[in-house]
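Data block for coords03.tsv (TSV, C-alpha atoms and all ligand atoms):
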chain	number	residue	atom	x	y	z
A	1	MET	CA	-0.93	-5.50	-6.79
A	2	PHE	CA	-4.31	-6.83	-5.66
A	3	GLU	CA	-5.50	-10.40	-5.98
A	4	GLY	CA	-7.60	-12.82	-3.94
A	5	ASP	CA	-8.83	-11.41	-0.62
A	6	GLY	CA	-6.58	-8.35	-0.94
A	7	ARG	CA	-8.99	-6.96	-3.55
A	8	ARG	CA	-11.94	-6.75	-1.14
A	9	LYS	CA	-9.68	-5.65	1.70
A	10	ALA	CA	-8.58	-2.68	-0.40
A	11	GLY	CA	-12.25	-2.25	-1.31
A	12	GLU	CA	-13.04	-1.72	2.38
A	13	ALA	CA	-10.87	1.40	2.30
A	14	ILE	CA	-12.63	2.60	-0.85
A	15	ALA	CA	-16.06	1.91	0.69
A	16	ALA	CA	-15.09	3.69	3.94
A	17	ALA	CA	-13.89	6.77	2.06
A	18	PHE	CA	-17.09	6.73	-0.01
A	19	LEU	CA	-19.26	6.55	3.10
A	20	ALA	CA	-17.31	9.40	4.69
A	21	LYS	CA	-18.12	11.53	1.63
A	22	TYR	CA	-21.69	10.33	1.23
A	23	PRO	CA	-23.03	9.26	4.65
A	24	ASP	CA	-26.51	8.75	3.18
A	25	ALA	CA	-25.33	6.38	0.46
A	26	LYS	CA	-27.46	3.30	-0.14
A	27	PRO	CA	-26.00	-0.06	0.92
A	28	GLU	CA	-25.85	-1.21	-2.72
A	29	GLN	CA	-23.82	1.87	-3.65
A	30	VAL	CA	-21.37	1.16	-0.82
A	31	GLU	CA	-21.16	-2.47	-1.90
A	32	PHE	CA	-20.41	-1.33	-5.46
A	33	GLU	CA	-17.50	0.71	-4.13
A	34	ARG	CA	-16.29	-2.18	-1.96
A	35	ASN	CA	-16.20	-4.35	-5.07
A	36	ARG	CA	-14.30	-1.86	-7.25
A	37	LEU	CA	-11.03	-3.78	-7.25
A	38	ALA	CA	-12.64	-7.20	-7.22
A	39	ARG	CA	-14.05	-7.16	-10.73
A	40	ALA	CA	-10.93	-8.73	-12.23
A	41	PRO	CA	-8.75	-11.50	-10.75
A	42	LEU	CA	-5.70	-9.24	-10.81
A	43	VAL	CA	-5.48	-5.48	-10.43
A	44	VAL	CA	-2.12	-3.75	-10.64
A	45	ALA	CA	-1.83	-0.24	-9.23
A	46	VAL	CA	0.81	1.64	-11.20
A	47	VAL	CA	2.31	4.30	-8.93
A	48	SER	CA	4.32	7.33	-10.02
A	49	ARG	CA	7.03	8.75	-7.80
A	50	ALA	CA	7.90	11.51	-10.24
A	51	ALA	CA	9.89	14.23	-8.48
A	52	PRO	CA	12.54	16.84	-9.29
A	53	HIS	CA	15.77	15.11	-10.34
A	54	VAL	CA	19.18	16.38	-11.44
A	55	LYS	CA	18.97	14.74	-14.88
A	56	ILE	CA	15.48	13.42	-15.57
A	57	PRO	CA	12.77	16.03	-16.18
A	58	GLU	CA	9.74	15.39	-13.97
A	59	TRP	CA	7.50	15.51	-17.05
A	60	GLU	CA	9.38	12.55	-18.57
A	61	GLN	CA	9.02	10.60	-15.33
A	62	VAL	CA	5.25	11.23	-15.42
A	63	LEU	CA	5.09	10.08	-19.04
A	64	SER	CA	7.16	7.00	-18.23
A	65	SER	CA	4.68	5.96	-15.59
A	66	GLY	CA	1.88	6.19	-18.15
A	67	ALA	CA	4.02	4.21	-20.59
A	68	ALA	CA	4.52	1.51	-17.94
A	69	ALA	CA	0.76	1.26	-17.42
A	70	MET	CA	0.12	1.13	-21.17
A	71	SER	CA	2.84	-1.51	-21.64
A	72	LEU	CA	1.12	-3.60	-19.01
A	73	VAL	CA	-2.21	-3.31	-20.85
A	74	VAL	CA	-0.60	-4.21	-24.19
A	75	ALA	CA	1.42	-7.10	-22.69
A	76	ALA	CA	-1.69	-8.55	-21.02
A	77	HIS	CA	-3.57	-8.41	-24.34
A	78	ALA	CA	-0.61	-9.99	-26.16
A	79	LEU	CA	-0.81	-12.89	-23.70
A	80	GLY	CA	-4.51	-13.35	-24.47
A	81	PHE	CA	-5.97	-11.60	-21.42
A	82	GLY	CA	-8.26	-8.62	-21.30
A	83	ALA	CA	-6.95	-5.52	-19.55
A	84	THR	CA	-8.32	-2.11	-18.76
A	85	TRP	CA	-6.81	0.98	-17.18
A	86	ILE	CA	-9.04	2.74	-14.68
A	87	THR	CA	-8.41	5.65	-12.33
A	88	GLU	CA	-11.76	6.72	-10.79
A	89	TRP	CA	-12.27	9.03	-7.80
A	90	TYR	CA	-10.43	6.81	-5.33
A	91	SER	CA	-7.13	7.36	-7.20
A	92	TYR	CA	-7.30	10.93	-5.90
A	93	ASP	CA	-8.67	10.32	-2.40
A	94	ARG	CA	-6.05	10.83	0.34
A	95	ALA	CA	-7.73	8.45	2.81
A	96	VAL	CA	-7.74	5.67	0.20
A	97	LEU	CA	-4.15	6.38	-0.84
A	98	ASP	CA	-3.04	6.27	2.81
A	99	ALA	CA	-4.85	2.96	3.34
A	100	LEU	CA	-3.17	1.51	0.24
A	101	GLY	CA	0.25	2.61	1.49
A	102	LEU	CA	1.06	5.47	-0.87
A	103	ALA	CA	3.37	8.14	0.46
A	104	PRO	CA	2.29	11.79	0.05
A	105	HIS	CA	4.61	12.30	-2.97
A	106	GLU	CA	3.29	9.22	-4.80
A	107	LYS	CA	0.39	9.23	-7.27
A	108	ILE	CA	-1.77	6.54	-8.77
A	109	THR	CA	-1.17	6.39	-12.52
A	110	GLY	CA	-3.92	3.85	-12.86
A	111	PHE	CA	-5.38	0.57	-11.68
A	112	VAL	CA	-4.79	-1.91	-14.50
A	113	HIS	CA	-7.43	-4.63	-14.32
A	114	ILE	CA	-6.38	-7.93	-15.89
A	115	GLY	CA	-8.46	-11.03	-16.50
A	116	ARG	CA	-10.22	-13.14	-19.06
A	117	PRO	CA	-13.05	-11.15	-20.66
A	118	ALA	CA	-16.54	-12.61	-20.15
A	119	GLN	CA	-17.68	-10.89	-23.35
A	120	ALA	CA	-16.10	-9.00	-26.22
A	121	PRO	CA	-15.68	-5.32	-25.32
A	122	GLU	CA	-17.99	-2.86	-27.06
A	123	ASP	CA	-16.31	-0.32	-29.26
A	124	ARG	CA	-17.19	3.36	-29.51
A	125	PRO	CA	-17.20	5.79	-32.46
A	126	ARG	CA	-13.65	6.75	-33.45
A	127	PRO	CA	-12.62	10.10	-34.93
A	128	ALA	CA	-11.58	10.24	-38.58
A	129	LEU	CA	-7.78	10.28	-38.74
A	130	ALA	CA	-7.88	13.41	-40.93
A	131	ASP	CA	-9.64	15.28	-38.09
A	132	ILE	CA	-6.93	14.62	-35.51
A	133	VAL	CA	-3.71	14.53	-37.56
A	134	THR	CA	-1.92	17.71	-38.63
A	135	ARG	CA	0.47	17.30	-41.54
A	136	PHE	CA	3.37	19.75	-41.43
A	137	LYS	CA	4.05	21.17	-44.90
A	201	LIG	C1	-5.57	7.45	-17.79
A	201	LIG	C2	-6.83	6.65	-17.95
A	201	LIG	C3	-7.78	6.73	-16.95
A	201	LIG	C4	-8.98	6.03	-17.07
A	201	LIG	N1	-9.90	6.14	-16.08
A	201	LIG	C5	-11.08	5.51	-16.20
A	201	LIG	C6	-12.06	5.66	-15.19
A	201	LIG	O1	-11.85	6.34	-14.19
A	201	LIG	N2	-13.24	5.00	-15.35
A	201	LIG	C7	-13.49	4.23	-16.45
A	201	LIG	O2	-14.58	3.66	-16.55
A	201	LIG	N3	-12.56	4.06	-17.42
A	201	LIG	C8	-11.38	4.69	-17.32
A	201	LIG	N4	-10.43	4.53	-18.29
A	201	LIG	C9	-10.72	3.67	-19.46
A	201	LIG	C10	-11.13	4.50	-20.67
A	201	LIG	O3	-12.37	5.15	-20.40
A	201	LIG	C11	-11.28	3.63	-21.94
A	201	LIG	O4	-12.32	2.73	-21.76
A	201	LIG	C12	-10.06	2.83	-22.25
A	201	LIG	O5	-8.93	3.66	-22.19
A	201	LIG	C13	-10.16	2.17	-23.62
A	201	LIG	O6	-9.99	3.15	-24.59
A	201	LIG	P1	-10.85	3.17	-25.94
A	201	LIG	O7	-12.26	3.48	-25.53
A	201	LIG	O8	-10.23	4.25	-26.75
A	201	LIG	O9	-10.70	1.82	-26.55
A	201	LIG	C14	-9.23	5.23	-18.20
A	201	LIG	C15	-8.24	5.14	-19.19
A	201	LIG	C16	-7.06	5.84	-19.07
A	201	LIG	C17	-6.02	5.70	-20.16
Output the file's structure as structure tokens, nothing else.
Ligand SMILES: Cc1cc2nc3c(=O)[nH]c(=O)nc-3n(C[C@H](O)[C@H](O)[C@H](O)COP(=O)(O)O)c2cc1C
Amino acid sequence: MFEGDGRRKAGEAIAAAFLAKYPDAKPEQVEFERNRLARAPLVVAVVSRAAPHVKIPEWEQVLSSGAAAMSLVVAAHALGFGATWITEWYSYDRAVLDALGLAPHEKITGFVHIGRPAQAPEDRPRPALADIVTRFK
């Protein structure tokens, strides 16, 4: 969980990994990366430890982690906050994951950003239900 100064501190690891990948990056690009987790007052990293288990299929553990992240988004909205689930490149960068304290078998499910929206979110075109639903007959 990242709040207060921890957000920029974690951002230092993101910025460092970005610079290692793109040594010629412009200062404003590096600053953008440093600020990644500081755009909301609270960012919760949902981490999956899915692994082979005697009873629980790994697939169901993976799905459960996604369900936990989604529940967090829905709960935050129900409480009147805005929330968004973001992964981005740094969810898959080993140097960043090490700096954030993830073990090699752990994965980022998502960074759930929670705050009070400054403006209403824009929507996007949605598919017609008939195009994405198959009715079994
Ligand atoms: C698993 C997952 C990963 C996402 N990763 C990113 C991301 O890396 N960058 C980003 O801008 N948004 C990311 N999002 C947010 C989505 O692009 C989208 O804005 C959000 O899920 C809202 O969905 P909607 O457009 O259907 O309302 C992610 C969402 C999910 C569920």
Hey, what's within 12 Å of region 18-27 of chain A if we count all atoms listed in the file and toss same-chain stuff fewer than 5 positions away? As a list in words, please?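 The neighbour list is Gly11, Glu12, Ala13, Phe32, Glu33, Arg34, Arg36, Trp89, Tyr90, Asp93, Arg94, Ala95 and Val96 of chain A.
For the choices A:Leu37, A:Glu28, A:Ala78, A:Ile108, the atom-to-atom distance to Val62 (chain A) is smallest for A:Ile108 when using only C-alpha atoms.
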Nearest to Leu42 (chain A) among A:Ser91, A:His113, A:Arg8, A:Ala17, with distances taken over all atoms listed in the file: which residue is it?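 Ranking A:Ser91, A:His113, A:Arg8, A:Ala17 by distance to Leu42 (chain A), first place goes to A:His113.
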Within 10 Å of ligand LIG 201 (chain A) (counting only C-alpha atoms and all ligand atoms), which residues show up? I'd like them as a PyMOL selection string. chain A and resi 66+69-70+73+83-91+108-112+121-126
Which residues, written as a list of chain:residue names, have at least one atom at most 12 Å from Glu60 (chain A), with all atoms listed in the file counted and residues fewer than 5 positions away on the same chain left out?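 Those residues are A:Ser48, A:Arg49, A:Ala50, A:Ala51, A:Pro52, A:His53, A:Lys55, A:Ser65, A:Gly66, A:Ala67.
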Given the choices A:Ile114, A:Leu102, A:Ala120, A:Val54, which gets closest to Leu72 (chain A) if the distance is worked out from only C-alpha atoms?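 Residue with the minimum atom-to-atom distance to Leu72 (chain A): A:Ile114.
Put simply, CA of Pro41 (chain A) is 5.8 Å away from CA of Gly115 (chain A).
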Atom pair CA of Leu97 (chain A) / CA of Glu3 (chain A): separation (Å): 17.6 Å
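CA of Arg39 (chain A) is found 16.1 Å from CA of Ala76 (chain A).
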Between A:Leu129, A:Ala99, A:Val47, A:Ala68, which one has atoms that come closest to Ala15 (chain A), using all atoms listed in the file?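 Using all atoms listed in the file, the shortest distance to Ala15 (chain A) belongs to A:Ala99.
Closest approach to Val44 (chain A) from the set A:Pro57, A:Pro127, A:Pro117, A:Gly6 is made by A:Gly6, with distances taken over only C-alpha atoms.
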Edge lengths and centre in Å to one decimal, as AutoDock Vina command-line options, is what I'm after for the box along x, y and z that holds all listed atoms of region 119-129 of chain A once 4 Å is added on each side.
--center_x -12.9 --center_y -0.3 --center_z -31.0 --size_x 18.2 --size_y 29.2 --size_z 23.4
Could I get region 82-93 of chain A from the block written out with all heavy atoms, as a tab-separated table (two decimals), in the first residue's frame?
chain	number	residue	atom	x	y	z
A	82	GLY	N	-13.22	7.57	-6.20
A	82	GLY	CA	-12.93	7.08	-7.53
A	82	GLY	C	-11.83	6.04	-7.39
A	82	GLY	O	-11.02	6.12	-6.45
A	83	ALA	N	-11.81	5.08	-8.27
A	83	ALA	CA	-10.76	4.05	-8.20
A	83	ALA	C	-10.46	3.54	-9.60
A	83	ALA	O	-11.37	3.41	-10.42
A	83	ALA	CB	-11.21	2.89	-7.31
A	84	THR	N	-9.18	3.31	-9.85
A	84	THR	CA	-8.83	2.73	-11.14
A	84	THR	C	-7.70	1.72	-10.99
A	84	THR	O	-6.82	1.88	-10.14
A	84	THR	CB	-8.50	3.83	-12.19
A	84	THR	OG1	-8.42	3.24	-13.47
A	84	THR	CG2	-7.19	4.53	-11.88
A	85	TRP	N	-7.77	0.70	-11.79
A	85	TRP	CA	-6.85	-0.45	-11.72
A	85	TRP	C	-5.86	-0.30	-12.87
A	85	TRP	O	-6.26	-0.26	-14.03
A	85	TRP	CB	-7.70	-1.70	-11.87
A	85	TRP	CG	-7.03	-3.03	-12.01
A	85	TRP	CD1	-5.73	-3.30	-12.28
A	85	TRP	CD2	-7.68	-4.30	-11.91
A	85	TRP	NE1	-5.52	-4.65	-12.34
A	85	TRP	CE2	-6.69	-5.28	-12.11
A	85	TRP	CE3	-9.00	-4.69	-11.66
A	85	TRP	CZ2	-6.99	-6.64	-12.09
A	85	TRP	CZ3	-9.29	-6.04	-11.63
A	85	TRP	CH2	-8.29	-7.00	-11.84
A	86	ILE	N	-4.60	-0.19	-12.52
A	86	ILE	CA	-3.57	0.03	-13.54
A	86	ILE	C	-2.41	-0.94	-13.32
A	86	ILE	O	-2.00	-1.17	-12.18
A	86	ILE	CB	-3.07	1.51	-13.48
A	86	ILE	CG1	-4.18	2.45	-13.96
A	86	ILE	CG2	-1.81	1.69	-14.33
A	86	ILE	CD1	-3.85	3.92	-13.82
A	87	THR	N	-1.91	-1.49	-14.42
A	87	THR	CA	-0.73	-2.36	-14.31
A	87	THR	C	0.51	-1.60	-14.80
A	87	THR	O	1.40	-1.31	-14.03
A	87	THR	CB	-0.90	-3.68	-15.08
A	87	THR	OG1	-1.44	-3.41	-16.35
A	87	THR	CG2	-1.76	-4.65	-14.30
A	88	GLU	N	0.57	-1.31	-16.09
A	88	GLU	CA	1.71	-0.62	-16.71
A	88	GLU	C	2.98	-1.47	-16.70
A	88	GLU	O	3.06	-2.51	-16.07
A	88	GLU	CB	1.95	0.75	-16.07
A	88	GLU	CG	0.97	1.83	-16.51
A	88	GLU	CD	1.06	2.15	-18.01
A	88	GLU	OE1	2.06	1.77	-18.66
A	88	GLU	OE2	0.11	2.77	-18.52
A	89	TRP	N	4.00	-0.99	-17.39
A	89	TRP	CA	5.24	-1.75	-17.62
A	89	TRP	C	5.92	-2.14	-16.32
A	89	TRP	O	6.51	-3.21	-16.21
A	89	TRP	CB	6.18	-0.96	-18.53
A	89	TRP	CG	6.69	0.31	-17.90
A	89	TRP	CD1	6.11	1.55	-17.98
A	89	TRP	CD2	7.85	0.45	-17.08
A	89	TRP	NE1	6.84	2.45	-17.26
A	89	TRP	CE2	7.92	1.82	-16.70
A	89	TRP	CE3	8.84	-0.40	-16.63
A	89	TRP	CZ2	8.93	2.32	-15.87
A	89	TRP	CZ3	9.86	0.08	-15.81
A	89	TRP	CH2	9.89	1.43	-15.45
A	90	TYR	N	5.83	-1.27	-15.31
A	90	TYR	CA	6.59	-1.51	-14.08
A	90	TYR	C	6.02	-2.66	-13.25
A	90	TYR	O	6.68	-3.15	-12.33
A	90	TYR	CB	6.72	-0.23	-13.23
A	90	TYR	CG	5.45	0.58	-13.14
A	90	TYR	CD1	4.51	0.32	-12.16
A	90	TYR	CD2	5.20	1.60	-14.05
A	90	TYR	CE1	3.33	1.06	-12.09
A	90	TYR	CE2	4.03	2.35	-13.99
A	90	TYR	CZ	3.10	2.07	-13.02
A	90	TYR	OH	1.94	2.79	-12.95
A	91	SER	N	4.81	-3.13	-13.59
A	91	SER	CA	4.28	-4.33	-12.92
A	91	SER	C	5.04	-5.57	-13.35
A	91	SER	O	4.91	-6.63	-12.72
A	91	SER	CB	2.80	-4.52	-13.27
A	91	SER	OG	2.02	-3.52	-12.66
A	92	TYR	N	5.78	-5.46	-14.45
A	92	TYR	CA	6.47	-6.62	-15.02
A	92	TYR	C	7.99	-6.45	-15.01
A	92	TYR	O	8.70	-7.23	-15.64
A	92	TYR	CB	5.96	-6.85	-16.45
A	92	TYR	CG	4.46	-7.03	-16.46
A	92	TYR	CD1	3.62	-5.95	-16.74
A	92	TYR	CD2	3.89	-8.24	-16.12
A	92	TYR	CE1	2.24	-6.09	-16.70
A	92	TYR	CE2	2.50	-8.40	-16.08
A	92	TYR	CZ	1.68	-7.31	-16.37
A	92	TYR	OH	0.33	-7.45	-16.32
A	93	ASP	N	8.46	-5.42	-14.34
A	93	ASP	CA	9.89	-5.12	-14.33
A	93	ASP	C	10.52	-5.66	-13.04
A	93	ASP	O	10.17	-5.24	-11.94
A	93	ASP	CB	10.09	-3.60	-14.43
A	93	ASP	CG	11.56	-3.23	-14.56
A	93	ASP	OD1	12.27	-3.25	-13.52
A	93	ASP	OD2	12.00	-2.96	-15.69
